[in-house]
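Notes to accompany the following structure.
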Amino acid sequence: MVGTQPLIWRRIPERYRLHGSKCLTCNAEFFPQRQFCPNCRRKGKLVKEHMPMDGTIYSYTYVHSAPEGFEYHVPYFMAIIELKNGVRLMSQLADSEPESVKINASVRMVFRRVHESEAEEAIAYGYKFKVVD
Amino acid sequence: MTVGIIGYGTSIPKLRIKVEEIASVWGKNAERVSSGLGIKEKAVASFDEDSATLAVESARVAIQSAGIRAQDIGAIFVGSESKPYAVKPTAAIVAEAVAAVPDLTAADFEFACKAGTTAIQCCMGLSASQYIQYGLAIGSDTAQGRPNDALEFSAGSGAAAFVIGTEKPIAEIEATFSYTTDTPDFWRRQHAEFPRHAGRFTAGPAYFKHTLGAANGLMNKLGTQPKDYAFAVFHQPNGKFPYRAASILGFEKEKIESGLLTPMIGNTYSAATLIGLSAVLDIAKPGDRILVTSYGSGAGSDAFSITVTKEITKKARRQPVPVWEQINNKKYVPYAIYAKHRKKLKGM
Ligand SMILES: [Zn+2]
């Protein structure tokens with residue numbers, strides 16, 4: 001699927017370094033990036049902002065039946081992460097043992113291959129989170 | 001112009017496989033293999049890790065410990081012999097991930113296990129001449145050995161990154177000296193999955209000749225002797241060669257043990273010497289002098305004479321998680337799971 005390359009490329013700032021948005025009018029932060037502040041509407045002024053790399057697990061699920069491209073990852077955790085600035089995002093957990101995955105557990109962003117593709121395709125890298133002590 | 005190490009960071013994967021586990025698969029005497037190589041276990045990259053992800057992780061820590069802005073990095077060089085792409089620079093992936101883009105130069109270096117130290121030399125030149133403010137030099141590998149080959153017992157995974165510059169170094173690099181010849185001791189042809197090596201030939205005319213050539217050349221140039229150094233770090237393809245190199249040069253074995261990690265993580269190729277240096281920087285005191293000598297098959301060695309400065313005692317100038325803590329944070333996997341993670345199973 002050479003057609004996925006533009007999509008991988010467009011998402012690099014977001015996936016590689018958690019590039020989101022901040023509204024200079026109301027100070028709200030958003031991830032992924034937004035063009036428009038839902039609080040301030042036309043009075044909002046959005047600028048690029050790096051999200052913090054640390055947060056906690058807000059909620060999670062243990063995946064045993066994976067979608068295509070993730071078959072070799074099972075079983076794995078998908079979690080909703082609440083970042084230090086309150087922004088929430090969904091992420092796969094890396095290097096995290098079942099006994100350490102708990103609501104409110106501290107997590108930190110890591111850089112990984114996000115999914116498997118065919119041997120000759122471009123590799124999609126991006127964020128995952130891991131539980132830290 | 002004084003040039004030195006501004007920050008450093010290490011990334012060691014969490015998975016480990018024991019040499020005895022690999023030996024049991026191939027019907028070999030585990031104790032004999034382990035003591036012959038001087039290796040107990042090795043670090044294994046997970047299915048979602050490769051030399052680019054490890055490079056990024058180590059780079060983020062190095063930039064943090066340097067306390068600099070990523071946009072002030074003018075060059076990123078990544079040394080590796082296990083690039084995720086045959087053609088496409090890992091250095092550009094690192095540059096994006098650490099937010100150093102777009103105003104910098106970047107390239108990947110290959111010289112078997114010494115490409116990372118060569119990257120440091122290039123960053124030294126560019127920053128000392130003030131073409132750039134800071135350079136980021138990385139050694140990163142997820143090396144593979146052919147199943148049942150001697151290399152399968154030793155080939156580990158890891159990365160180390162160094163910010164090189166002239167402002168407030170935690171360690172000054174006083175001099176560097178290299179020794180290079182065409183020596184076919186180890187190679188991997190284009191499209192070949194696993195490397196080939198020349199067995200016993202890899203010791204005398206290869207590792208020792210070049211390691212000793214560079215280390216002696218450096219000490220002659222500076223007029224220093226082993227007694228002037230608190231630590232020595234050598235390339236460590238196994239847990240034994242560095243002891244022999246130290247002994248021939250006249251370093252007490254205590255001086256190399258802080259930077260000798262192959263017994264616990266395997267040979268991390270381009271990262272091996274640099275992770276060893278990181279482990280020394282984790283504990284070194286101001287005034288300590290360190291002799292560092294890498295070795296890359298093919299063949300060559302880069303030697304460095306480094307003196308730790310007072311800056312290292314300041315807050316947050318060492319990496320937050322020391323090498324030994326990363327080594328102890330581990331999870332053992334059996335051979336079958338290792339084979340799955342390293343995609344050694346046909347049809348994956
Ligand atoms: Zn707003």
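Note on naming: chains are A, B, ... as they come in the structure tokens, residues start from 1 per chain, ligands start from 1 in the order shown.
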
Dump as an mmCIF file with N, CA and C atoms, in the first residue's frame the residues of chain B that approach chain A to within 6 Å, counting only C-alpha atoms.
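Dumped to out.cif:
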data_model
loop_
_atom_site.group_PDB
_atom_site.id
_atom_site.type_symbol
_atom_site.label_atom_id
_atom_site.label_comp_id
_atom_site.auth_asym_id
_atom_site.auth_seq_id
_atom_site.Cartn_x
_atom_site.Cartn_y
_atom_site.Cartn_z
ATOM 1 N N ASP B 48 8.907 -4.322 18.333
ATOM 2 C CA ASP B 48 8.628 -2.940 17.924
ATOM 3 C C ASP B 48 9.815 -2.011 18.168
ATOM 4 N N GLU B 49 10.990 -2.589 18.451
ATOM 5 C CA GLU B 49 12.203 -1.788 18.597
ATOM 6 C C GLU B 49 13.148 -2.106 17.441
ATOM 7 N N THR B 53 14.620 3.241 16.785
ATOM 8 C CA THR B 53 13.880 3.570 18.018
ATOM 9 C C THR B 53 14.832 3.667 19.204
ATOM 10 N N ALA B 97 12.280 13.110 15.519
ATOM 11 C CA ALA B 97 11.731 12.689 16.808
ATOM 12 C C ALA B 97 12.171 13.602 17.952
#

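Here atom CA of Ile164 of chain B and atom CA of Leu136 of chain B stand 6.2 Å from one another.
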
Residues within 7 Å of ligand 1, counting only C-alpha atoms and all ligand atoms, as an mmCIF file with all heavy atoms, in the first residue's frame:
data_model
loop_
_atom_site.group_PDB
_atom_site.id
_atom_site.type_symbol
_atom_site.label_atom_id
_atom_site.label_comp_id
_atom_site.auth_asym_id
_atom_site.auth_seq_id
_atom_site.Cartn_x
_atom_site.Cartn_y
_atom_site.Cartn_z
ATOM 1 N N CYS A 23 -4.446 26.844 22.701
ATOM 2 C CA CYS A 23 -5.204 28.061 22.390
ATOM 3 C C CYS A 23 -4.670 29.195 23.260
ATOM 4 O O CYS A 23 -4.685 29.099 24.488
ATOM 5 C CB CYS A 23 -6.692 27.851 22.639
ATOM 6 S SG CYS A 23 -7.640 29.370 22.413
ATOM 7 N N LEU A 24 -4.172 30.234 22.629
ATOM 8 C CA LEU A 24 -3.592 31.354 23.382
ATOM 9 C C LEU A 24 -4.666 32.192 24.072
ATOM 10 O O LEU A 24 -4.372 32.956 24.981
ATOM 11 C CB LEU A 24 -2.759 32.233 22.444
ATOM 12 C CG LEU A 24 -1.505 31.574 21.850
ATOM 13 C CD1 LEU A 24 -0.800 32.534 20.891
ATOM 14 C CD2 LEU A 24 -0.539 31.106 22.936
ATOM 15 N N THR A 25 -5.914 32.011 23.656
ATOM 16 C CA THR A 25 -6.997 32.778 24.277
ATOM 17 C C THR A 25 -7.422 32.141 25.603
ATOM 18 O O THR A 25 -7.520 32.808 26.626
ATOM 19 C CB THR A 25 -8.200 32.870 23.315
ATOM 20 O OG1 THR A 25 -7.732 33.333 22.052
ATOM 21 C CG2 THR A 25 -9.277 33.808 23.855
ATOM 22 N N CYS A 26 -7.674 30.808 25.607
ATOM 23 C CA CYS A 26 -8.187 30.178 26.825
ATOM 24 C C CYS A 26 -7.176 29.202 27.445
ATOM 25 O O CYS A 26 -7.465 28.562 28.456
ATOM 26 C CB CYS A 26 -9.495 29.439 26.524
ATOM 27 S SG CYS A 26 -9.273 27.985 25.474
ATOM 28 N N ASN A 27 -5.993 29.072 26.840
ATOM 29 C CA ASN A 27 -4.912 28.198 27.332
ATOM 30 C C ASN A 27 -5.215 26.699 27.248
ATOM 31 O O ASN A 27 -4.449 25.892 27.762
ATOM 32 C CB ASN A 27 -4.516 28.536 28.763
ATOM 33 C CG ASN A 27 -3.662 29.785 28.819
ATOM 34 O OD1 ASN A 27 -2.868 30.030 27.901
ATOM 35 N ND2 ASN A 27 -3.850 30.594 29.850
ATOM 36 N N ALA A 28 -6.326 26.318 26.631
ATOM 37 C CA ALA A 28 -6.628 24.892 26.490
ATOM 38 C C ALA A 28 -5.623 24.241 25.533
ATOM 39 O O ALA A 28 -5.169 24.877 24.573
ATOM 40 C CB ALA A 28 -8.043 24.709 25.967
ATOM 41 N N CYS A 37 -10.471 26.333 18.069
ATOM 42 C CA CYS A 37 -10.690 26.067 19.497
ATOM 43 C C CYS A 37 -12.193 25.913 19.772
ATOM 44 O O CYS A 37 -12.958 26.842 19.513
ATOM 45 C CB CYS A 37 -10.117 27.191 20.355
ATOM 46 S SG CYS A 37 -10.461 26.928 22.116
ATOM 47 N N PRO A 38 -12.599 24.741 20.323
ATOM 48 C CA PRO A 38 -14.029 24.530 20.569
ATOM 49 C C PRO A 38 -14.566 25.437 21.679
ATOM 50 O O PRO A 38 -15.767 25.689 21.751
ATOM 51 C CB PRO A 38 -14.105 23.058 20.978
ATOM 52 C CG PRO A 38 -12.745 22.725 21.472
ATOM 53 C CD PRO A 38 -11.779 23.601 20.747
ATOM 54 N N ASN A 39 -13.693 25.961 22.548
ATOM 55 C CA ASN A 39 -14.143 26.842 23.632
ATOM 56 C C ASN A 39 -14.353 28.271 23.146
ATOM 57 O O ASN A 39 -15.306 28.942 23.519
ATOM 58 C CB ASN A 39 -13.111 26.885 24.765
ATOM 59 C CG ASN A 39 -12.736 25.505 25.252
ATOM 60 O OD1 ASN A 39 -13.562 24.589 25.247
ATOM 61 N ND2 ASN A 39 -11.488 25.332 25.649
ATOM 62 N N CYS A 40 -13.406 28.747 22.349
ATOM 63 C CA CYS A 40 -13.393 30.170 21.997
ATOM 64 C C CYS A 40 -13.925 30.442 20.596
ATOM 65 O O CYS A 40 -14.098 31.622 20.235
ATOM 66 C CB CYS A 40 -11.974 30.717 22.082
ATOM 67 S SG CYS A 40 -11.179 30.344 23.637
ATOM 68 N N GLY A 44 -10.583 32.199 19.318
ATOM 69 C CA GLY A 44 -9.452 31.352 19.679
ATOM 70 C C GLY A 44 -8.252 31.618 18.781
ATOM 71 O O GLY A 44 -8.397 32.008 17.630
ATOM 72 N N LYS A 45 -7.036 31.421 19.360
ATOM 73 C CA LYS A 45 -5.840 31.529 18.538
ATOM 74 C C LYS A 45 -4.966 30.303 18.817
ATOM 75 O O LYS A 45 -4.383 30.176 19.893
ATOM 76 C CB LYS A 45 -5.079 32.820 18.878
ATOM 77 C CG LYS A 45 -3.917 33.064 17.928
ATOM 78 C CD LYS A 45 -3.319 34.442 18.111
ATOM 79 C CE LYS A 45 -2.245 34.780 17.075
ATOM 80 N NZ LYS A 45 -1.393 33.687 16.630
#

Handout entry: All strand (DSSP E or B) positions in segment 143-303 of chain B, as number ranges by chain
Key = B: 155, 157-165, 171-183, 186-187, 196-197, 231-234, 267, 289-293, 296, 298-303

Find the residues of segment 59-81 of chain A that sit at most 12 Å from segment 100-104 of chain A; for each, write down the nearest two atoms and how far apart they are in Å, to one decimal. Count only C-alpha atoms. Sort by chain, then by number going up, and give it as JSON lines.
{"residue": "A:Ser59", "atom": "CA", "partner": "A:Ile103", "partner_atom": "CA", "distance": 5.9}
{"residue": "A:Tyr60", "atom": "CA", "partner": "A:Ile103", "partner_atom": "CA", "distance": 7.5}
{"residue": "A:Thr61", "atom": "CA", "partner": "A:Val101", "partner_atom": "CA", "distance": 9.8}
{"residue": "A:Tyr62", "atom": "CA", "partner": "A:Val101", "partner_atom": "CA", "distance": 9.8}
{"residue": "A:Tyr76", "atom": "CA", "partner": "A:Val101", "partner_atom": "CA", "distance": 10.8}
{"residue": "A:Phe77", "atom": "CA", "partner": "A:Val101", "partner_atom": "CA", "distance": 8.3}
{"residue": "A:Met78", "atom": "CA", "partner": "A:Val101", "partner_atom": "CA", "distance": 10.3}
{"residue": "A:Ala79", "atom": "CA", "partner": "A:Val101", "partner_atom": "CA", "distance": 9.3}
{"residue": "A:Ile80", "atom": "CA", "partner": "A:Ile103", "partner_atom": "CA", "distance": 9.7}
{"residue": "A:Ile81", "atom": "CA", "partner": "A:Asn104", "partner_atom": "CA", "distance": 9.2}

Emit the selected residues as an mmCIF file, in the first residue's frame, including N, CA, C and O atoms.
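What follows is the written file out21.cif:
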data_model
loop_
_atom_site.group_PDB
_atom_site.id
_atom_site.type_symbol
_atom_site.label_atom_id
_atom_site.label_comp_id
_atom_site.auth_asym_id
_atom_site.auth_seq_id
_atom_site.Cartn_x
_atom_site.Cartn_y
_atom_site.Cartn_z
ATOM 1 N N SER A 59 -7.562 4.761 31.661
ATOM 2 C CA SER A 59 -8.358 3.548 31.476
ATOM 3 C C SER A 59 -7.598 2.634 30.520
ATOM 4 O O SER A 59 -6.727 3.108 29.793
ATOM 5 N N TYR A 60 -7.872 1.343 30.551
ATOM 6 C CA TYR A 60 -7.142 0.456 29.638
ATOM 7 C C TYR A 60 -7.952 -0.796 29.312
ATOM 8 O O TYR A 60 -8.930 -1.117 29.996
ATOM 9 N N THR A 61 -7.504 -1.469 28.266
ATOM 10 C CA THR A 61 -8.098 -2.752 27.914
ATOM 11 C C THR A 61 -6.987 -3.687 27.449
ATOM 12 O O THR A 61 -5.956 -3.241 26.946
ATOM 13 N N TYR A 62 -7.177 -4.992 27.654
ATOM 14 C CA TYR A 62 -6.182 -5.997 27.284
ATOM 15 C C TYR A 62 -6.666 -6.643 25.990
ATOM 16 O O TYR A 62 -7.739 -7.244 25.962
ATOM 17 N N TYR A 76 -1.832 -7.529 24.142
ATOM 18 C CA TYR A 76 -1.220 -6.228 24.453
ATOM 19 C C TYR A 76 -2.255 -5.290 25.066
ATOM 20 O O TYR A 76 -3.457 -5.527 24.945
ATOM 21 N N PHE A 77 -1.757 -4.254 25.701
ATOM 22 C CA PHE A 77 -2.634 -3.278 26.342
ATOM 23 C C PHE A 77 -2.838 -2.069 25.446
ATOM 24 O O PHE A 77 -1.873 -1.549 24.874
ATOM 25 N N MET A 78 -4.093 -1.628 25.332
ATOM 26 C CA MET A 78 -4.397 -0.310 24.780
ATOM 27 C C MET A 78 -4.870 0.515 25.970
ATOM 28 O O MET A 78 -5.652 0.025 26.795
ATOM 29 N N ALA A 79 -4.410 1.749 26.055
ATOM 30 C CA ALA A 79 -4.775 2.555 27.216
ATOM 31 C C ALA A 79 -5.161 3.964 26.796
ATOM 32 O O ALA A 79 -4.688 4.474 25.778
ATOM 33 N N ILE A 80 -6.037 4.572 27.573
ATOM 34 C CA ILE A 80 -6.251 6.016 27.456
ATOM 35 C C ILE A 80 -5.315 6.642 28.472
ATOM 36 O O ILE A 80 -5.354 6.312 29.654
ATOM 37 N N ILE A 81 -4.430 7.489 27.962
ATOM 38 C CA ILE A 81 -3.412 8.129 28.797
ATOM 39 C C ILE A 81 -3.862 9.550 29.096
ATOM 40 O O ILE A 81 -4.274 10.271 28.179
#

Applying 10 Å and only C-alpha atoms, which residues near Val47 of chain A remain after dropping the ones on its own chain fewer than 5 positions away? List them as a compact mmCIF listing (two decimals) with C-alpha atoms, in the first residue's frame.
# COMPACT_ATOMS: atom_id res chain seq x y z
CA GLY A 20 -0.51 19.19 19.47
CA SER A 21 -2.14 22.62 19.75
CA LYS A 22 -2.62 25.28 22.39
CA CYS A 23 -5.20 28.06 22.39
CA LEU A 24 -3.59 31.35 23.38
CA GLU A 29 -4.32 22.26 24.95
CA GLN A 33 -3.61 19.24 16.49
CA ARG A 34 -6.71 21.35 15.88
CA GLN A 35 -7.43 24.21 13.52

What are the closest atom pairs, with distances in Å to one decimal, for each residue of segment 61-176 of chain B lying within 10 Å of segment 213-228 of chain B, using only C-alpha atoms, rows by chain and rising residue number, as JSON lines?
{"residue": "B:Glu174", "atom": "CA", "partner": "B:Leu222", "partner_atom": "CA", "distance": 8.6}
{"residue": "B:Ala175", "atom": "CA", "partner": "B:Leu218", "partner_atom": "CA", "distance": 7.4}
{"residue": "B:Thr176", "atom": "CA", "partner": "B:Leu218", "partner_atom": "CA", "distance": 6.6}

Practice task
Once DSSP has gone over the backbone, tell me which residues of segment 94-244 of chain B are in helix (DSSP H, G or I), as JSON, numbers by chain.
Solution key: {"B": [94, 95, 96, 97, 115, 116, 117, 118, 119, 120, 121, 122, 123, 124, 125, 126, 127, 128, 150, 151, 152, 153, 154, 199, 200, 201, 202, 203, 204, 205, 206, 207, 208, 209, 210, 211, 212, 213, 214, 215, 216, 217, 218, 219, 220, 221, 222, 226, 227, 228, 241, 242, 243, 244]}

Could those selected residues go to a file with N, CA and C atoms, as a compact mmCIF listing (two decimals), in the first residue's frame?
# COMPACT_ATOMS: atom_id res chain seq x y z
N VAL B 94 15.73 10.33 13.71
CA VAL B 94 16.11 10.85 15.03
C VAL B 94 15.90 12.37 15.07
N ALA B 95 16.31 13.05 14.01
CA ALA B 95 16.19 14.51 13.97
C ALA B 95 14.73 14.95 14.12
N GLU B 96 13.82 14.24 13.45
CA GLU B 96 12.39 14.55 13.58
C GLU B 96 11.91 14.27 15.00
N ALA B 97 12.28 13.11 15.52
CA ALA B 97 11.73 12.69 16.81
C ALA B 97 12.17 13.60 17.95
N ALA B 115 31.30 2.68 14.23
CA ALA B 115 30.70 3.84 13.54
C ALA B 115 30.26 4.92 14.52
N GLY B 116 29.88 4.53 15.74
CA GLY B 116 29.43 5.51 16.73
C GLY B 116 30.56 6.41 17.21
N THR B 117 31.75 5.85 17.39
CA THR B 117 32.87 6.69 17.84
C THR B 117 33.35 7.59 16.70
N THR B 118 33.24 7.11 15.47
CA THR B 118 33.59 7.95 14.32
C THR B 118 32.62 9.12 14.23
N ALA B 119 31.36 8.88 14.56
CA ALA B 119 30.36 9.96 14.60
C ALA B 119 30.77 11.03 15.62
N ILE B 120 31.32 10.60 16.76
CA ILE B 120 31.80 11.56 17.76
C ILE B 120 32.93 12.40 17.18
N GLN B 121 33.87 11.75 16.48
CA GLN B 121 35.00 12.51 15.90
C GLN B 121 34.50 13.58 14.93
N CYS B 122 33.50 13.24 14.11
CA CYS B 122 32.98 14.22 13.15
C CYS B 122 32.30 15.39 13.88
N CYS B 123 31.56 15.07 14.94
CA CYS B 123 30.91 16.14 15.72
C CYS B 123 31.96 17.02 16.40
N MET B 124 33.07 16.39 16.86
CA MET B 124 34.16 17.18 17.47
C MET B 124 34.69 18.22 16.49
N GLY B 125 34.96 17.75 15.26
CA GLY B 125 35.53 18.64 14.25
C GLY B 125 34.59 19.80 13.92
N LEU B 126 33.32 19.46 13.73
CA LEU B 126 32.35 20.49 13.33
C LEU B 126 32.09 21.49 14.45
N SER B 127 32.09 21.02 15.70
CA SER B 127 31.80 21.97 16.78
C SER B 127 33.05 22.75 17.17
N ALA B 128 34.22 22.12 17.16
CA ALA B 128 35.44 22.85 17.49
C ALA B 128 35.72 23.95 16.48
N ALA B 150 28.31 -18.65 16.41
CA ALA B 150 28.88 -18.08 17.64
C ALA B 150 28.30 -16.69 17.92
N LEU B 151 28.02 -15.94 16.85
CA LEU B 151 27.50 -14.58 17.03
C LEU B 151 26.11 -14.56 17.64
N GLU B 152 25.35 -15.66 17.47
CA GLU B 152 24.00 -15.65 18.04
C GLU B 152 24.05 -15.56 19.57
N PHE B 153 25.11 -16.08 20.15
CA PHE B 153 25.24 -16.04 21.61
C PHE B 153 25.63 -14.65 22.11
N SER B 154 26.23 -13.86 21.24
CA SER B 154 26.77 -12.58 21.72
C SER B 154 26.07 -11.34 21.18
N GLY B 199 36.28 -16.40 12.03
CA GLY B 199 36.64 -17.24 13.18
C GLY B 199 37.77 -16.68 14.01
N ARG B 200 38.80 -17.48 14.22
CA ARG B 200 39.90 -17.08 15.11
C ARG B 200 40.70 -15.90 14.59
N PHE B 201 40.64 -15.70 13.30
CA PHE B 201 41.32 -14.59 12.65
C PHE B 201 40.87 -13.24 13.24
N THR B 202 39.67 -13.24 13.88
CA THR B 202 39.13 -11.98 14.40
C THR B 202 39.91 -11.44 15.61
N ALA B 203 40.74 -12.26 16.22
CA ALA B 203 41.45 -11.81 17.43
C ALA B 203 42.72 -11.02 17.09
N GLY B 204 43.85 -11.73 16.89
CA GLY B 204 45.16 -11.10 16.75
C GLY B 204 45.25 -10.01 15.70
N PRO B 205 45.13 -10.37 14.41
CA PRO B 205 45.33 -9.36 13.36
C PRO B 205 44.20 -8.34 13.26
N ALA B 206 43.12 -8.59 13.96
CA ALA B 206 41.96 -7.70 13.84
C ALA B 206 41.77 -6.89 15.12
N TYR B 207 41.05 -7.46 16.10
CA TYR B 207 40.71 -6.71 17.33
C TYR B 207 41.96 -6.16 18.04
N PHE B 208 42.92 -7.04 18.31
CA PHE B 208 44.04 -6.60 19.15
C PHE B 208 44.98 -5.64 18.42
N LYS B 209 45.28 -5.95 17.16
CA LYS B 209 46.19 -5.08 16.41
C LYS B 209 45.65 -3.64 16.35
N HIS B 210 44.37 -3.50 16.07
CA HIS B 210 43.81 -2.16 15.90
C HIS B 210 43.54 -1.46 17.23
N THR B 211 43.02 -2.23 18.19
CA THR B 211 42.75 -1.64 19.51
C THR B 211 44.05 -1.14 20.15
N LEU B 212 45.08 -2.00 20.12
CA LEU B 212 46.35 -1.60 20.72
C LEU B 212 47.01 -0.49 19.90
N GLY B 213 46.87 -0.57 18.57
CA GLY B 213 47.45 0.46 17.69
C GLY B 213 46.89 1.84 18.01
N ALA B 214 45.56 1.91 18.18
CA ALA B 214 44.93 3.21 18.46
C ALA B 214 45.23 3.68 19.87
N ALA B 215 45.13 2.77 20.85
CA ALA B 215 45.35 3.17 22.25
C ALA B 215 46.80 3.62 22.45
N ASN B 216 47.75 2.84 21.92
CA ASN B 216 49.16 3.24 22.06
C ASN B 216 49.47 4.51 21.29
N GLY B 217 48.89 4.63 20.10
CA GLY B 217 49.09 5.85 19.29
C GLY B 217 48.62 7.08 20.03
N LEU B 218 47.47 6.96 20.68
CA LEU B 218 46.91 8.09 21.43
C LEU B 218 47.81 8.45 22.62
N MET B 219 48.21 7.43 23.37
CA MET B 219 49.02 7.71 24.57
C MET B 219 50.40 8.26 24.17
N ASN B 220 50.95 7.78 23.04
CA ASN B 220 52.22 8.34 22.56
C ASN B 220 52.06 9.81 22.18
N LYS B 221 50.96 10.11 21.50
CA LYS B 221 50.70 11.48 21.05
C LYS B 221 50.58 12.43 22.24
N LEU B 222 49.92 11.95 23.31
CA LEU B 222 49.69 12.80 24.48
C LEU B 222 50.80 12.71 25.52
N PRO B 226 49.12 4.34 31.11
CA PRO B 226 47.93 3.75 31.74
C PRO B 226 47.69 4.26 33.16
N LYS B 227 48.75 4.55 33.90
CA LYS B 227 48.56 4.99 35.30
C LYS B 227 47.87 6.37 35.39
N ASP B 228 47.87 7.11 34.27
CA ASP B 228 47.21 8.42 34.26
C ASP B 228 45.68 8.31 34.15
N PHE B 241 37.96 -10.29 25.51
CA PHE B 241 38.95 -9.48 24.77
C PHE B 241 39.35 -8.21 25.54
N PRO B 242 38.41 -7.48 26.15
CA PRO B 242 38.83 -6.24 26.84
C PRO B 242 39.82 -6.50 27.98
N TYR B 243 39.66 -7.63 28.67
CA TYR B 243 40.61 -7.97 29.74
C TYR B 243 42.01 -8.17 29.17
N ARG B 244 42.06 -8.88 28.02
CA ARG B 244 43.37 -9.15 27.43
C ARG B 244 43.99 -7.85 26.90
